[in-house]
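The next block holds one structure in the form of structure tokens; read it before the comments.
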Amino acid sequence: MNIEKNRSYYEGFADYRVDKLKYLEEAGVQLYPEHFKVSHTLEEAFSLPDDTENVSIAGRIISIRKMGKITFAHLQDIQGRLQIVLRENSLGEGYDFFHKTVDIGDFLGAHGTIFTTRTGERSLRVDEYVFLGKALRELPEKWHGLTDTELRYRQRYLDLVANEKSRRVFLMRSKMLSSIRHFLENKGFIEVETPVLTNQASGALATPFLTHHKALDIDVYLRIAPETYLKRLIVGGFNHVFEVSRCFRNEGVSPVHLQDFTMIEGYSAYFNYQDNMKLLRDMILHVLKELFGQTTVTIGEAEIDFGLDWPVVSFRELILKDTGLDIDQYADGPALLEAIKAKGIKLDHDHVATLGKGNLIDQLYKKVSRPHLISPVFLINHPIDLSPLARRNDDNPDIVDRFQLVVNGAEIINAYSELVDPIDQRKRLEEQSKLRLSGDEEAMPLDEDYLKAMEYGMPPISGWGIGVDRLLQVLLNLENIRDGVLFPLMRPLDSEN
């Protein structure tokens, strides 16, 4: 690299940083070296006993404070931070060279001995250091605690450098996923992967993303959920199976909804939905203990102890209590819609008149009931036309064997005993197809390939899905669901077009 030769490239950056880069180049220093051998992470080094020698650490410089012939600086990475102490009497010319070349934001490797300063700060006494990379751009003004929400989403890397809370959120997310995986594996579940591009928009009631496959010259969908493929695997002989899956739903933006999100779905042969109530309660409690060391979590103004009993509430009874409407008394969507209007309830849906009864009930519940469910509640007995893939209840053919876990007004888990009767399934998908033709974009299309798999025989099955982003938002009390997503989709800036 010849900085003078490429000077036009550097015109947009601070002169002092370019000058230091040039000084490094002229001194023969590798500006962007390929390697540095680290003996300890910053977090590990912080915990070493005093006088531990031959410690090599690396990280981004986030502060520099010169006091005569001693300089204090801090190195940081995603998991930790450690002070380094440079002394002129031990580094010689290297001390001045540090100040002539290094800026906040640069990467540095340091070798030395661990000690504790007189003020009690764990530190590394530097014997030698290695320049590991120049930051050409300055960190934003007042970057300690970066607060511009849009900038935090667009430039998450700056947010991670600036905000300890963000670093904690994403470390907790990784730990949560790891905890769930280990729990399921210890219960005999096998992790698999299924297609993201599908021929049918199946797996859940939602509006899909549609795209075109040039090589095959066919329209394909980004998967709404992996459900039908995971149940195909039960047909193939898996007993307990799960997937950490990226899913896509072409729906509205809100502080609690994403169009591109992560879900974990699991299916168990020979289980019913009540078996999964116990399994998933145990799993949530396991995760809480691993993340927080306890089962009590503060969410908003409420302190919720997940270790207490989780009430089981009927879908019909909940809506009846909150609205006075008995959903069983209305034969179809139009009749129920008239009753909803008569109560003066306005639903948050742009095309409410096109919805079938099932989706209409769901919109009503989300409007009047769900926001008031704070402590964990199992919601059961969903209408059959809201659950085209769920097993019909043996005692009441108008409802299905299904539950949702709701916490702080958010649906965390959706689960049911699966419909394994191919004849009943075909009838329900045919009804969904009619609704789709009448304008209900969230209705499910007929999936002949899935029906064929069912016709080869299915055992009793119960399955469930957990929204990872939603669960994290609730447990960490995040204001916006995008606060728990590393790189949420954003509308492009004009300069990016």
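Residue names in the structure tokens use chain letters A, B, ... in the order shown, residue numbers from 1 in each chain, and ligand numbers from 1 in the order shown.
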Name the residues in contact with Asn2 (chain A) at a cut-off of 10 Å, using only C-alpha atoms, excluding same-chain residues fewer than 4 positions from it; report them as JSON, numbers by chain.
{"A": [6, 7, 22, 25, 26]}
>> Which residues are near Asp309 (chain A)? Cut-off 10 Å, only C-alpha atoms, ignore same chain within fewer than 5 positions. Put them as a list in words.
In response: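 Skipping anything fewer than 5 positions along the chain leaves Arg281, Ser375, Pro376 and Val377 of chain A.
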**OP:** Return as a ChimeraX atom specification the full set of residues in region 57-223 of chain A whose backbone-based DSSP assignment is alpha helix (DSSP H).
**Re:** /A:88-91,93-101,149-154,156-162,164-186
Next on the checklist: Neighbouring residues of Lys20 (chain A) were defined as those with any atom within 8 Å, considering only C-alpha atoms; residues of the same chain fewer than 5 positions away were excluded. Please report them as a list of chain:residue names.
Outcome noted: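 Within the cut-off, the hits are A:Lys100, A:Thr101, A:Val102.
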I need the chosen residues saved as a compact mmCIF listing (two decimals), in the first residue's frame, with N, CA and C atoms.
# COMPACT_ATOMS: atom_id res chain seq x y z
N LYS A 100 2.57 8.54 18.63
CA LYS A 100 2.66 9.09 17.27
C LYS A 100 1.82 8.29 16.27
N THR A 101 1.37 7.09 16.68
CA THR A 101 0.72 6.22 15.70
C THR A 101 -0.67 5.73 16.08
N VAL A 102 -0.97 5.70 17.36
CA VAL A 102 -2.19 5.01 17.82
C VAL A 102 -3.29 6.01 18.17
Q) region 327-330 of chain A: which residues within 9 Å, counting only C-alpha atoms, same-chain residues fewer than 6 positions away excluded, as a list in words? A)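 Contacts, with the query itself left out: Arg316, Ile319, Leu320, Leu336, Ala339, Lys357, Ile361, Pro383 and Asp398 of chain A.
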May I have the selected residues written with N, CA and C atoms, as a PDB file, in the first residue's frame?
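Final output, saved to selection01.pdb:
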ATOM      1  N   ARG A 316     -62.158 -19.278  24.159  1.00  0.00           N
ATOM      2  CA  ARG A 316     -63.538 -18.780  24.178  1.00  0.00           C
ATOM      3  C   ARG A 316     -63.832 -18.020  25.464  1.00  0.00           C
ATOM      4  N   ILE A 319     -62.105 -14.439  25.576  1.00  0.00           N
ATOM      5  CA  ILE A 319     -62.775 -13.414  24.760  1.00  0.00           C
ATOM      6  C   ILE A 319     -64.141 -13.065  25.344  1.00  0.00           C
ATOM      7  N   LEU A 320     -64.843 -14.057  25.865  1.00  0.00           N
ATOM      8  CA  LEU A 320     -66.141 -13.800  26.485  1.00  0.00           C
ATOM      9  C   LEU A 320     -65.988 -12.870  27.687  1.00  0.00           C
ATOM     10  N   LEU A 336     -69.715 -12.712  12.866  1.00  0.00           N
ATOM     11  CA  LEU A 336     -68.891 -12.289  13.991  1.00  0.00           C
ATOM     12  C   LEU A 336     -68.439 -10.845  13.822  1.00  0.00           C
ATOM     13  N   ALA A 339     -71.036  -8.448  14.928  1.00  0.00           N
ATOM     14  CA  ALA A 339     -71.119  -8.389  16.393  1.00  0.00           C
ATOM     15  C   ALA A 339     -69.973  -7.572  16.981  1.00  0.00           C
ATOM     16  N   LYS A 357     -63.397 -16.637   9.653  1.00  0.00           N
ATOM     17  CA  LYS A 357     -63.755 -16.543  11.066  1.00  0.00           C
ATOM     18  C   LYS A 357     -62.545 -16.758  11.965  1.00  0.00           C
ATOM     19  N   ILE A 361     -61.221 -14.021  14.637  1.00  0.00           N
ATOM     20  CA  ILE A 361     -61.143 -14.268  16.078  1.00  0.00           C
ATOM     21  C   ILE A 361     -59.749 -13.940  16.598  1.00  0.00           C
ATOM     22  N   PRO A 383     -60.184 -22.016  17.919  1.00  0.00           N
ATOM     23  CA  PRO A 383     -61.135 -22.422  16.890  1.00  0.00           C
ATOM     24  C   PRO A 383     -60.437 -23.219  15.781  1.00  0.00           C
ATOM     25  N   ASP A 398     -65.262 -28.328  16.957  1.00  0.00           N
ATOM     26  CA  ASP A 398     -65.069 -26.956  16.505  1.00  0.00           C
ATOM     27  C   ASP A 398     -63.784 -26.329  17.033  1.00  0.00           C
TER      28      ASP A 398
END
Would you return as a PyMOL selection string the members of region 268-485 of chain A that DSSP assigns to strand (DSSP E) on this structure's backbone? chain A and resi 268-269+296-299+302-305+312-314+377-380+402-407+410-417+461-467
Here CA of Ala269 (chain A) and CA of Pro311 (chain A) stand apart by 25.9 Å
Of A:Ile70, A:Ala215, A:Leu389, A:Leu364, the one sitting nearest Ser462 (chain A) when using only C-alpha atoms is A:Leu389
Counting only C-alpha atoms, the residue of A:Val241, A:Leu124, A:Met263, A:Ala225 that sits nearest Gly188 (chain A):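 That would be A:Val241, the residue with the smallest distance to Gly188 (chain A).
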If we count only C-alpha atoms and set the cut-off at 9 Å, which residues sit around Phe46 (chain A), ignoring sequence neighbours fewer than 6 positions away in its own chain? Please answer as a CSV table (one decimal) with N, CA and C atoms, in the first residue's frame.
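That gives us around.csv:
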chain,number,residue,atom,x,y,z
A,80,GLY,N,-15.2,-8.5,27.1
A,80,GLY,CA,-14.5,-7.9,28.2
A,80,GLY,C,-13.8,-6.6,27.9
A,81,ARG,N,-13.1,-6.1,28.9
A,81,ARG,CA,-12.4,-4.9,28.8
A,81,ARG,C,-11.2,-5.0,29.8
A,82,LEU,N,-10.1,-4.5,29.5
A,82,LEU,CA,-8.9,-4.6,30.4
A,82,LEU,C,-8.0,-3.3,30.1
A,83,GLN,N,-7.6,-2.8,31.3
A,83,GLN,CA,-6.7,-1.6,31.2
A,83,GLN,C,-5.3,-2.1,30.9
A,114,ILE,N,0.2,-9.2,34.4
A,114,ILE,CA,-1.0,-8.8,35.1
A,114,ILE,C,-0.7,-8.2,36.5
A,122,ARG,N,-7.7,-3.8,37.6
A,122,ARG,CA,-7.0,-4.9,37.0
A,122,ARG,C,-6.4,-4.4,35.7
A,123,SER,N,-5.1,-4.7,35.5
A,123,SER,CA,-4.4,-4.1,34.4
A,123,SER,C,-3.3,-5.0,33.9
A,124,LEU,N,-2.8,-4.7,32.7
A,124,LEU,CA,-1.6,-5.4,32.1
A,124,LEU,C,-0.5,-4.4,32.0
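Atom pair CA of Arg428 (chain A) / CA of Asn359 (chain A) has a distance of 14.4 Å (rounded to one decimal).
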### Message
Neighbouring residues of Gln76 (chain A) were defined as those with any atom within 12 Å, considering only C-alpha atoms; residues of the same chain fewer than 4 positions away were excluded. Please report them as number ranges by chain.
### Response
A: 41-43, 45-46, 57-63, 80-84, 104-109, 160-164, 167
#### Entry: Separation of CA of Glu265 (chain A) from CA of Ala201 (chain A) in Å
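Computed distance, CA of Ala201 (chain A) to CA of Glu265 (chain A), equals 16.7 Å.
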Top pick for closest residue to Val287 (chain A), considering A:Arg392, A:His212, A:Arg181, A:His382 and counting only C-alpha atoms
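Closest to Val287 (chain A), using only C-alpha atoms: A:Arg181.
The neighbours of Tyr23 (chain A) here are the residues that come within 10 Å of it, using only C-alpha atoms and leaving out any residue fewer than 5 positions away in the same chain; they are Ile3, Arg17, Val18, Gly28, Val29, Phe97, Lys100 and Thr101 of chain A.
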